[in-house]
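For reference, the structure is listed below as structure tokens.
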Amino acid sequence: FVAGVAAARLFILVAMVDAETRGPVLADSRLLALREDGGPFPLRYGCVLGYALYAALLFAATTLIGKFYYFFHNGGMLPVMLLVLLGAAIGKDPLTVWVFRSKPLLVLGRISYMQYLMQHVLQGWIRQNFGWKDSGAIQAGFVPCLLLFSYCCQRWVEKPYTEYQRWKQEKKIKGVDDRAIEWLEARFAKGGAWSFFAR
């Protein structure tokens, strides 16, 4: 958590400028913009440098892992991950431009949360209907099935519901779901049934 806060602060200080004055970011800056040059060289190419450093450390760690396990486990990889994160955030890195912005990876990014939500649901269904431990083919087919199932859920459930929520917000319309939440809050919040759990 602390590393994430520090990474965000570092990103703001070295890769952004005040959008109005084009000067450095100050406490009273209202709008921020990316620096036109993208920031310092190590951050502009942070993904390439970070993954190269990660590969070198991984190669070296295969022989040294016993001695330095706790160092890498307890934060020794933070500088490498920081380079990758900031390089991707700045967006000038060739790896970011040519690989991470490709159509397949954008689709994988869009469905990643649905994959996270549906992996146990799908695995449970497969285990119940086809077995799991007995068949390597079923286990091998799990990942493609998960990707397809996640894509379908994102495309035909999540996306239409998100668009419906945005439409309601723009038109300032209360839907059935909003009214149900209001009804539940009126009945159970502030001294109602939910107060039992607040103890």
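Numbering starts fresh at 1 for the residues of each chain in the structure tokens, the chains themselves are lettered A, B, ... in the order given, and ligands are numbered from 1 as they appear.
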>> DSSP on the backbone, alpha helix (DSSP H) only: what residues of region 97-186 of chain A does that give? Format it as JSON, numbers by chain.
In response: {"A": [103, 104, 105, 106, 107, 108, 109, 110, 111, 112, 113, 114, 115, 116, 117, 118, 119, 120, 121, 122, 123, 124, 125, 126, 127, 128, 129, 130, 136, 137, 138, 139, 140, 141, 142, 143, 144, 145, 146, 147, 148, 149, 150, 151, 152, 153, 159, 160, 161, 162, 163, 164, 165, 166, 167, 168, 169, 170, 171, 176, 177, 178, 179, 180, 181, 182, 183, 184, 185, 186]}
Produce a file of the selected residues containing C-alpha atoms, as a tab-separated table (two decimals), in the first residue's frame.
```tsv
chain	number	residue	atom	x	y	z
A	103	LYS	CA	-6.33	-5.33	-29.19
A	104	PRO	CA	-6.00	-8.78	-27.53
A	105	LEU	CA	-4.43	-7.33	-24.38
A	106	LEU	CA	-7.00	-4.53	-24.21
A	107	VAL	CA	-9.76	-7.15	-24.35
A	108	LEU	CA	-8.00	-9.21	-21.66
A	109	GLY	CA	-7.76	-6.10	-19.51
A	110	ARG	CA	-11.44	-5.32	-19.98
A	111	ILE	CA	-12.53	-8.84	-18.98
A	112	SER	CA	-9.97	-9.34	-16.19
A	113	TYR	CA	-12.35	-8.43	-13.37
A	114	MET	CA	-15.00	-10.74	-14.77
A	115	GLN	CA	-12.38	-13.52	-14.94
A	116	TYR	CA	-11.61	-12.92	-11.29
A	117	LEU	CA	-15.29	-13.08	-10.35
A	118	MET	CA	-16.20	-16.10	-12.48
A	119	GLN	CA	-13.22	-18.41	-12.08
A	120	HIS	CA	-14.60	-20.28	-9.05
A	121	VAL	CA	-18.14	-20.32	-10.42
A	122	LEU	CA	-17.01	-21.92	-13.67
A	123	GLN	CA	-14.57	-24.29	-11.98
A	124	GLY	CA	-17.29	-25.44	-9.57
A	125	TRP	CA	-19.71	-26.05	-12.43
A	126	ILE	CA	-17.09	-28.01	-14.39
A	127	ARG	CA	-16.14	-30.04	-11.30
A	128	GLN	CA	-19.78	-30.90	-10.59
A	129	ASN	CA	-20.70	-31.85	-14.16
A	130	PHE	CA	-17.50	-33.26	-15.67
A	136	GLY	CA	-6.09	-33.28	-17.83
A	137	ALA	CA	-8.06	-32.27	-20.93
A	138	ILE	CA	-10.76	-30.65	-18.80
A	139	GLN	CA	-8.16	-28.78	-16.78
A	140	ALA	CA	-6.41	-27.66	-19.98
A	141	GLY	CA	-9.71	-26.45	-21.43
A	142	PHE	CA	-10.55	-24.45	-18.31
A	143	VAL	CA	-8.60	-21.30	-19.25
A	144	PRO	CA	-10.08	-20.95	-22.78
A	145	CYS	CA	-13.57	-21.62	-21.34
A	146	LEU	CA	-12.97	-19.03	-18.62
A	147	LEU	CA	-11.89	-16.44	-21.18
A	148	LEU	CA	-14.93	-17.10	-23.36
A	149	PHE	CA	-17.33	-17.14	-20.40
A	150	SER	CA	-15.81	-13.93	-18.98
A	151	TYR	CA	-16.02	-12.21	-22.35
A	152	CYS	CA	-19.69	-13.17	-22.72
A	153	CYS	CA	-20.53	-12.00	-19.19
A	159	LYS	CA	-21.43	-3.56	-20.32
A	160	PRO	CA	-25.21	-3.10	-20.83
A	161	TYR	CA	-25.74	-2.58	-17.09
A	162	THR	CA	-22.92	-0.01	-16.95
A	163	GLU	CA	-24.41	1.83	-19.93
A	164	TYR	CA	-27.84	1.73	-18.25
A	165	GLN	CA	-26.38	3.18	-15.05
A	166	ARG	CA	-24.68	6.00	-16.99
A	167	TRP	CA	-27.90	6.73	-18.91
A	168	LYS	CA	-29.87	6.89	-15.64
A	169	GLN	CA	-27.30	9.22	-14.12
A	170	GLU	CA	-27.33	11.56	-17.13
A	171	LYS	CA	-31.14	11.69	-17.24
A	176	VAL	CA	-36.08	0.02	-9.70
A	177	ASP	CA	-32.67	-0.80	-8.22
A	178	ASP	CA	-32.31	2.70	-6.76
A	179	ARG	CA	-35.78	2.52	-5.23
A	180	ALA	CA	-35.03	-0.91	-3.73
A	181	ILE	CA	-31.84	0.40	-2.13
A	182	GLU	CA	-33.70	3.43	-0.73
A	183	TRP	CA	-36.41	1.14	0.66
A	184	LEU	CA	-33.83	-1.12	2.32
A	185	GLU	CA	-31.94	1.83	3.78
A	186	ALA	CA	-35.16	3.37	5.14
```
> By how many Å are CA of Lys172 (chain A) and CA of Phe188 (chain A) apart?
Replying inline: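 According to the coordinates, CA of Lys172 (chain A) and CA of Phe188 (chain A) are separated by 25.2 Å.
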Spatial neighbours of region 92-94 of chain A, 10 Å, only C-alpha atoms, chain gap at least 4 places, as a PDB file with N, CA and C atoms, in the first residue's frame:
```pdb
ATOM      1  N   ASP A  37       7.579  15.529 -22.903  1.00  0.00           N
ATOM      2  CA  ASP A  37       8.711  14.634 -23.164  1.00  0.00           C
ATOM      3  C   ASP A  37       8.549  13.292 -22.454  1.00  0.00           C
ATOM      4  N   GLY A  38       7.554  13.166 -21.604  1.00  0.00           N
ATOM      5  CA  GLY A  38       7.265  11.900 -20.939  1.00  0.00           C
ATOM      6  C   GLY A  38       8.033  11.675 -19.652  1.00  0.00           C
ATOM      7  N   GLY A  39       8.875  12.594 -19.246  1.00  0.00           N
ATOM      8  CA  GLY A  39       9.614  12.412 -18.000  1.00  0.00           C
ATOM      9  C   GLY A  39      11.023  11.903 -18.241  1.00  0.00           C
ATOM     10  N   PHE A  41      14.346   9.587 -18.722  1.00  0.00           N
ATOM     11  CA  PHE A  41      14.578   8.423 -19.579  1.00  0.00           C
ATOM     12  C   PHE A  41      14.251   7.093 -18.906  1.00  0.00           C
ATOM     13  N   PRO A  42      14.719   6.844 -17.662  1.00  0.00           N
ATOM     14  CA  PRO A  42      14.411   5.534 -17.053  1.00  0.00           C
ATOM     15  C   PRO A  42      12.909   5.282 -16.898  1.00  0.00           C
ATOM     16  N   LEU A  43      12.125   6.341 -16.745  1.00  0.00           N
ATOM     17  CA  LEU A  43      10.684   6.153 -16.622  1.00  0.00           C
ATOM     18  C   LEU A  43       9.997   6.075 -17.972  1.00  0.00           C
ATOM     19  N   ARG A  44      10.502   6.796 -18.961  1.00  0.00           N
ATOM     20  CA  ARG A  44       9.920   6.708 -20.306  1.00  0.00           C
ATOM     21  C   ARG A  44      10.039   5.298 -20.863  1.00  0.00           C
ATOM     22  N   TYR A  45      11.113   4.633 -20.532  1.00  0.00           N
ATOM     23  CA  TYR A  45      11.350   3.263 -20.989  1.00  0.00           C
ATOM     24  C   TYR A  45      11.291   2.291 -19.811  1.00  0.00           C
ATOM     25  N   GLY A  46      10.443   2.581 -18.849  1.00  0.00           N
ATOM     26  CA  GLY A  46      10.359   1.821 -17.616  1.00  0.00           C
ATOM     27  C   GLY A  46       9.935   0.377 -17.806  1.00  0.00           C
ATOM     28  N   CYS A  47       9.024   0.121 -18.739  1.00  0.00           N
ATOM     29  CA  CYS A  47       8.584  -1.266 -18.960  1.00  0.00           C
ATOM     30  C   CYS A  47       9.720  -2.118 -19.504  1.00  0.00           C
ATOM     31  N   VAL A  48      10.390  -1.635 -20.508  1.00  0.00           N
ATOM     32  CA  VAL A  48      11.496  -2.391 -21.102  1.00  0.00           C
ATOM     33  C   VAL A  48      12.607  -2.589 -20.077  1.00  0.00           C
ATOM     34  N   LEU A  49      12.997  -1.509 -19.393  1.00  0.00           N
ATOM     35  CA  LEU A  49      14.061  -1.617 -18.400  1.00  0.00           C
ATOM     36  C   LEU A  49      13.635  -2.485 -17.219  1.00  0.00           C
ATOM     37  N   VAL A  84       8.268  -0.739 -14.055  1.00  0.00           N
ATOM     38  CA  VAL A  84       7.255  -1.266 -14.965  1.00  0.00           C
ATOM     39  C   VAL A  84       5.970  -0.445 -14.860  1.00  0.00           C
ATOM     40  N   LEU A  86       5.427   2.685 -13.684  1.00  0.00           N
ATOM     41  CA  LEU A  86       5.535   4.068 -14.166  1.00  0.00           C
ATOM     42  C   LEU A  86       5.769   4.115 -15.672  1.00  0.00           C
ATOM     43  N   GLY A  87       6.529   3.165 -16.198  1.00  0.00           N
ATOM     44  CA  GLY A  87       6.725   3.115 -17.649  1.00  0.00           C
ATOM     45  C   GLY A  87       5.421   2.894 -18.387  1.00  0.00           C
ATOM     46  N   ALA A  88       4.573   2.015 -17.854  1.00  0.00           N
ATOM     47  CA  ALA A  88       3.266   1.775 -18.478  1.00  0.00           C
ATOM     48  C   ALA A  88       2.350   2.983 -18.315  1.00  0.00           C
ATOM     49  N   TRP A  98       3.348  -0.884 -28.253  1.00  0.00           N
ATOM     50  CA  TRP A  98       3.166  -1.940 -29.240  1.00  0.00           C
ATOM     51  C   TRP A  98       2.548  -3.223 -28.692  1.00  0.00           C
ATOM     52  N   VAL A  99       2.726  -3.496 -27.407  1.00  0.00           N
ATOM     53  CA  VAL A  99       2.209  -4.755 -26.851  1.00  0.00           C
ATOM     54  C   VAL A  99       0.992  -4.516 -25.963  1.00  0.00           C
ATOM     55  N   PHE A 100       1.143  -3.677 -24.935  1.00  0.00           N
ATOM     56  CA  PHE A 100       0.072  -3.507 -23.960  1.00  0.00           C
ATOM     57  C   PHE A 100      -1.158  -2.804 -24.530  1.00  0.00           C
TER      58      PHE A 100
END
```
>> Here is a test: counting only C-alpha atoms, which residue of A:Gly131, A:Gly91, A:Gly75, A:Gly175 is nearest to Phe1 (chain A)?
In response: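 Between A:Gly131, A:Gly91, A:Gly75, A:Gly175, the residue approaching Phe1 (chain A) most closely is A:Gly75.
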> For the atom pair CA of Glu36 (chain A) and CA of Val80 (chain A), what is the interatomic distance in Å to one decimal place?
Replying inline: 24.1 Å
Close residues, region 6-13 of chain A itself excluded, 9 Å, only C-alpha atoms, min 3 positions apart in chain, as a compact mmCIF listing (two decimals) with all heavy atoms, in the first residue's frame:
```
# COMPACT_ATOMS: atom_id res chain seq x y z
N PHE A 1 0.83 -1.19 0.00
CA PHE A 1 0.00 0.00 0.00
C PHE A 1 0.87 1.25 0.00
O PHE A 1 0.67 2.16 -0.78
CB PHE A 1 -0.94 -0.02 1.20
CG PHE A 1 -1.73 1.25 1.36
CD1 PHE A 1 -2.81 1.49 0.54
CD2 PHE A 1 -1.39 2.19 2.30
CE1 PHE A 1 -3.53 2.66 0.66
CE2 PHE A 1 -2.09 3.36 2.43
CZ PHE A 1 -3.17 3.60 1.61
N VAL A 2 1.83 1.30 0.90
CA VAL A 2 2.71 2.47 1.00
C VAL A 2 3.50 2.64 -0.29
O VAL A 2 3.70 3.75 -0.77
CB VAL A 2 3.64 2.34 2.23
CG1 VAL A 2 4.64 3.46 2.29
CG2 VAL A 2 2.81 2.30 3.51
N ALA A 3 3.94 1.51 -0.88
CA ALA A 3 4.68 1.59 -2.14
C ALA A 3 3.80 2.17 -3.24
O ALA A 3 4.27 2.94 -4.08
CB ALA A 3 5.18 0.21 -2.54
N MET A 16 4.46 14.63 -14.60
CA MET A 16 3.33 15.51 -14.85
C MET A 16 3.73 16.97 -14.64
O MET A 16 4.72 17.26 -13.97
CB MET A 16 2.16 15.14 -13.94
CG MET A 16 1.69 13.72 -14.14
SD MET A 16 0.10 13.39 -13.41
CE MET A 16 -0.96 13.88 -14.74
N VAL A 17 2.94 17.85 -15.25
CA VAL A 17 3.13 19.29 -15.09
C VAL A 17 1.78 19.93 -14.79
O VAL A 17 0.73 19.32 -14.99
CB VAL A 17 3.73 19.93 -16.36
CG1 VAL A 17 5.14 19.45 -16.61
CG2 VAL A 17 2.85 19.68 -17.57
N PRO A 24 6.18 23.03 -12.93
CA PRO A 24 6.11 21.86 -12.05
C PRO A 24 4.80 21.83 -11.25
O PRO A 24 4.17 22.86 -11.03
CB PRO A 24 7.33 22.02 -11.13
CG PRO A 24 7.71 23.45 -11.23
CD PRO A 24 7.25 23.94 -12.56
N VAL A 25 4.44 20.65 -10.82
CA VAL A 25 3.22 20.48 -10.03
C VAL A 25 3.45 21.06 -8.65
O VAL A 25 4.43 20.74 -7.98
CB VAL A 25 2.85 18.99 -9.92
CG1 VAL A 25 1.66 18.79 -9.01
CG2 VAL A 25 2.59 18.41 -11.30
N LEU A 26 2.53 21.94 -8.23
CA LEU A 26 2.60 22.56 -6.91
C LEU A 26 1.37 22.17 -6.10
O LEU A 26 0.43 21.56 -6.63
CB LEU A 26 2.68 24.08 -7.05
CG LEU A 26 3.86 24.61 -7.87
CD1 LEU A 26 3.74 26.10 -8.09
CD2 LEU A 26 5.18 24.27 -7.19
N LEU A 32 -3.73 18.80 -13.92
CA LEU A 32 -2.43 18.23 -14.24
C LEU A 32 -2.45 17.62 -15.64
O LEU A 32 -3.50 17.20 -16.12
CB LEU A 32 -2.05 17.14 -13.22
CG LEU A 32 -2.03 17.55 -11.76
CD1 LEU A 32 -1.67 16.35 -10.89
CD2 LEU A 32 -1.05 18.68 -11.51
N LEU A 34 0.27 15.27 -18.53
CA LEU A 34 1.54 14.56 -18.71
C LEU A 34 2.57 15.49 -19.33
O LEU A 34 2.24 16.33 -20.18
CB LEU A 34 1.36 13.36 -19.63
CG LEU A 34 0.77 12.11 -19.00
CD1 LEU A 34 0.49 11.08 -20.08
CD2 LEU A 34 1.69 11.54 -17.95
N LEU A 82 8.17 -0.81 -9.75
CA LEU A 82 7.94 0.63 -9.90
C LEU A 82 8.31 1.09 -11.30
O LEU A 82 7.57 1.87 -11.91
CB LEU A 82 8.76 1.39 -8.85
CG LEU A 82 8.51 2.87 -8.74
CD1 LEU A 82 7.10 3.13 -8.23
CD2 LEU A 82 9.52 3.51 -7.81
N LEU A 85 5.53 -0.18 -13.64
CA LEU A 85 4.29 0.55 -13.42
C LEU A 85 4.35 1.97 -13.99
O LEU A 85 3.45 2.40 -14.70
CB LEU A 85 4.00 0.59 -11.92
CG LEU A 85 2.73 1.29 -11.48
CD1 LEU A 85 1.52 0.49 -11.93
CD2 LEU A 85 2.72 1.47 -9.99
N LEU A 86 5.43 2.68 -13.68
CA LEU A 86 5.53 4.07 -14.17
C LEU A 86 5.77 4.12 -15.67
O LEU A 86 5.26 5.01 -16.35
CB LEU A 86 6.64 4.81 -13.42
CG LEU A 86 6.36 5.02 -11.92
CD1 LEU A 86 7.53 5.73 -11.26
CD2 LEU A 86 5.09 5.79 -11.71
N ALA A 89 2.42 3.64 -17.16
CA ALA A 89 1.55 4.79 -16.91
C ALA A 89 1.89 5.97 -17.80
O ALA A 89 1.01 6.68 -18.27
CB ALA A 89 1.64 5.20 -15.44
N ILE A 90 3.17 6.19 -18.05
CA ILE A 90 3.57 7.31 -18.90
C ILE A 90 3.16 7.06 -20.35
O ILE A 90 2.73 7.96 -21.05
CB ILE A 90 5.09 7.56 -18.77
CG1 ILE A 90 5.37 8.14 -17.38
CG2 ILE A 90 5.59 8.50 -19.85
CD1 ILE A 90 6.82 8.24 -17.03
```
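Between Gly76 (chain A) and the candidates A:Glu20, A:Arg155, A:Tyr54, A:Asp28, the tightest atom-to-atom separation, counting only C-alpha atoms, involves A:Tyr54.
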>> Rounded to one decimal, what separation in Å do you get between CA of Ala55 (chain A) and CA of Leu78 (chain A)?
In response: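 So the two atoms, CA of Ala55 (chain A) and CA of Leu78 (chain A), lie 14.3 Å apart.
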